[in-house]
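Before any comments, here is the structure.
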Amino acid sequence: MKLTKNRSGCPLSTSLDIIGDKWSLIVVRDLFLGRDTFSKIMTENPENIASNILSDRLKKMKDKGILDYRICPVDKKVKSYYLTDLGIDLYPTMYELMHWTLKHFEFELHPLTKSWLTENKDNTDTEIIANAMQSYKSHRKEVHGF
């Protein structure tokens, strides 16, 4: 995807321009967790994202090709969001950020984080990342057909 505007020629700066706000990676995380509708993200997101912010991030990430949506066949008013391959490719970066935080900071872990850590305690970083990405692709194929 060709970018026409960015602050500099620095890849890190450009990445932050695209996904470096407070919410974009949280939305990507939520999609990895199966929260695939606006309402699921709003009600199941522990960070309490505001609806106008969520709408804005979904639109911006769709415009950048990170996610897309399908209209639900049962209820035409509901959009079912999914990560594109570009969005799925963010998982290793998200994993490294999570790993860095867990390594350097102590804080109360969310129950899903505790469960995820327990499930993955015997896996290597490479296995965790590959499994998560493949699992999401399988889920996307099952739900969206590709």
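Each chain in the structure tokens gets a letter, A, B, ..., in the order shown, and its residues are numbered from 1; ligands are numbered from 1 in order too.
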Where does region 66-104 of chain A meet region 135-138 of chain A within 10 Å, residue by residue, with the nearest atom pair and distance in Å to one decimal for each, counting only C-alpha atoms, listed by chain and rising number, as CSV?
residue,atom,partner,partner_atom,distance
A:Tyr82,CA,A:Tyr136,CA,9.3
A:Leu83,CA,A:Tyr136,CA,8.5
A:Thr84,CA,A:Lys137,CA,9.1
A:Asp85,CA,A:Lys137,CA,8.3
A:Ile88,CA,A:Tyr136,CA,7.7
Exercise: Glu47 (chain A) partners within 12 Å, only C-alpha atoms, chain neighbours under 3 positions left out, as a list in words: Lys22, Trp23, Ile26, Val27, Arg29, Asp30, Ile41, Met42, Thr43, Glu44, Ala50, Leu54 and His110 of chain A
Take the residues from that selection and write them out as a PDB file, in the first residue's frame, keeping N, CA, C and O atoms.
ATOM      1  N   LYS A  22      -3.808   5.594  20.865  1.00  0.00           N
ATOM      2  CA  LYS A  22      -4.139   4.860  22.090  1.00  0.00           C
ATOM      3  C   LYS A  22      -5.025   3.637  21.846  1.00  0.00           C
ATOM      4  O   LYS A  22      -5.049   2.724  22.666  1.00  0.00           O
ATOM      5  N   TRP A  23      -5.749   3.587  20.727  1.00  0.00           N
ATOM      6  CA  TRP A  23      -6.787   2.573  20.574  1.00  0.00           C
ATOM      7  C   TRP A  23      -6.608   1.567  19.452  1.00  0.00           C
ATOM      8  O   TRP A  23      -7.174   0.473  19.499  1.00  0.00           O
ATOM      9  N   ILE A  26      -5.534  -1.912  20.358  1.00  0.00           N
ATOM     10  CA  ILE A  26      -6.545  -2.509  21.243  1.00  0.00           C
ATOM     11  C   ILE A  26      -7.674  -3.094  20.396  1.00  0.00           C
ATOM     12  O   ILE A  26      -8.158  -4.202  20.661  1.00  0.00           O
ATOM     13  N   VAL A  27      -8.081  -2.378  19.360  1.00  0.00           N
ATOM     14  CA  VAL A  27      -9.120  -2.890  18.460  1.00  0.00           C
ATOM     15  C   VAL A  27      -8.610  -4.139  17.734  1.00  0.00           C
ATOM     16  O   VAL A  27      -9.333  -5.137  17.623  1.00  0.00           O
ATOM     17  N   ARG A  29      -6.357  -6.210  18.854  1.00  0.00           N
ATOM     18  CA  ARG A  29      -6.368  -7.253  19.888  1.00  0.00           C
ATOM     19  C   ARG A  29      -7.772  -7.828  20.051  1.00  0.00           C
ATOM     20  O   ARG A  29      -7.969  -9.041  20.105  1.00  0.00           O
ATOM     21  N   ASP A  30      -8.766  -6.937  20.128  1.00  0.00           N
ATOM     22  CA  ASP A  30     -10.143  -7.391  20.306  1.00  0.00           C
ATOM     23  C   ASP A  30     -10.602  -8.271  19.151  1.00  0.00           C
ATOM     24  O   ASP A  30     -11.299  -9.266  19.356  1.00  0.00           O
ATOM     25  N   ILE A  41     -17.195  -5.229  20.714  1.00  0.00           N
ATOM     26  CA  ILE A  41     -16.024  -4.456  21.117  1.00  0.00           C
ATOM     27  C   ILE A  41     -16.421  -3.461  22.209  1.00  0.00           C
ATOM     28  O   ILE A  41     -15.711  -3.316  23.207  1.00  0.00           O
ATOM     29  N   MET A  42     -17.557  -2.809  22.057  1.00  0.00           N
ATOM     30  CA  MET A  42     -18.006  -1.835  23.056  1.00  0.00           C
ATOM     31  C   MET A  42     -18.285  -2.486  24.414  1.00  0.00           C
ATOM     32  O   MET A  42     -17.910  -1.939  25.442  1.00  0.00           O
ATOM     33  N   THR A  43     -18.931  -3.643  24.410  1.00  0.00           N
ATOM     34  CA  THR A  43     -19.358  -4.236  25.684  1.00  0.00           C
ATOM     35  C   THR A  43     -18.314  -5.146  26.317  1.00  0.00           C
ATOM     36  O   THR A  43     -18.305  -5.313  27.533  1.00  0.00           O
ATOM     37  N   GLU A  44     -17.425  -5.745  25.517  1.00  0.00           N
ATOM     38  CA  GLU A  44     -16.458  -6.700  26.059  1.00  0.00           C
ATOM     39  C   GLU A  44     -15.056  -6.123  26.206  1.00  0.00           C
ATOM     40  O   GLU A  44     -14.163  -6.784  26.718  1.00  0.00           O
ATOM     41  N   ALA A  50     -14.751   4.724  23.866  1.00  0.00           N
ATOM     42  CA  ALA A  50     -15.944   5.502  23.536  1.00  0.00           C
ATOM     43  C   ALA A  50     -16.411   5.149  22.124  1.00  0.00           C
ATOM     44  O   ALA A  50     -15.597   4.848  21.243  1.00  0.00           O
ATOM     45  N   LEU A  54     -14.221   4.460  18.711  1.00  0.00           N
ATOM     46  CA  LEU A  54     -14.245   3.153  18.052  1.00  0.00           C
ATOM     47  C   LEU A  54     -14.641   3.299  16.586  1.00  0.00           C
ATOM     48  O   LEU A  54     -13.984   2.733  15.701  1.00  0.00           O
ATOM     49  N   HIS A 110      -5.328  -8.916  33.822  1.00  0.00           N
ATOM     50  CA  HIS A 110      -6.710  -9.228  33.467  1.00  0.00           C
ATOM     51  C   HIS A 110      -6.854 -10.754  33.458  1.00  0.00           C
ATOM     52  O   HIS A 110      -5.908 -11.464  33.093  1.00  0.00           O
TER      53      HIS A 110
END
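With only C-alpha atoms as the atoms that count, the residue of A:Ser13, A:Ser80, A:Thr118, A:Ser8 with the shortest distance to Arg35 (chain A) is A:Ser80.
Residues with any atom within 10 Å of region 14-16 of chain A, counting only C-alpha atoms and excluding same-chain neighbours fewer than 6 positions away, are Leu3, Lys5, Asn6, Arg7 and Ser8 of chain A.
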All residues 12 Å or closer to Met98 (chain A), only C-alpha atoms, same chain fewer than 4 positions away omitted, as a PyMOL selection string: chain A and resi 25-26+29+91-94+102-105+109+113+116-117+125+129
Could those residues be written to a file, using C-alpha atoms, as a short mmCIF file (atom, residue, chain, number, x, y, z; two decimals), in the first residue's frame?
data_model
loop_
_atom_site.label_atom_id
_atom_site.label_comp_id
_atom_site.auth_asym_id
_atom_site.auth_seq_id
_atom_site.Cartn_x
_atom_site.Cartn_y
_atom_site.Cartn_z
CA LEU A 25 -3.87 -1.97 18.58
CA ILE A 26 -6.54 -2.51 21.24
CA ARG A 29 -6.37 -7.25 19.89
CA TYR A 91 0.43 -9.87 15.88
CA PRO A 92 4.22 -10.32 16.27
CA THR A 93 4.58 -6.62 17.07
CA MET A 94 1.72 -6.76 19.57
CA LEU A 102 5.24 -8.25 31.28
CA LYS A 103 9.03 -8.40 31.56
CA HIS A 104 9.52 -4.88 32.92
CA PHE A 105 6.37 -3.89 34.82
CA LEU A 109 -3.34 -8.91 35.16
CA THR A 113 -4.16 -12.46 30.28
CA TRP A 116 -3.39 -16.84 28.03
CA LEU A 117 -0.14 -17.00 30.00
CA ASP A 125 7.65 -17.18 21.42
CA ILE A 129 3.02 -16.09 17.46
#
Close residues, Tyr69 (chain A) itself excluded, 12 Å, only C-alpha atoms, min 2 positions apart in chain, as number ranges by chain: A: 31, 36-38, 58-59, 61-63, 65-67, 71-72, 78-84, 140, 143-144
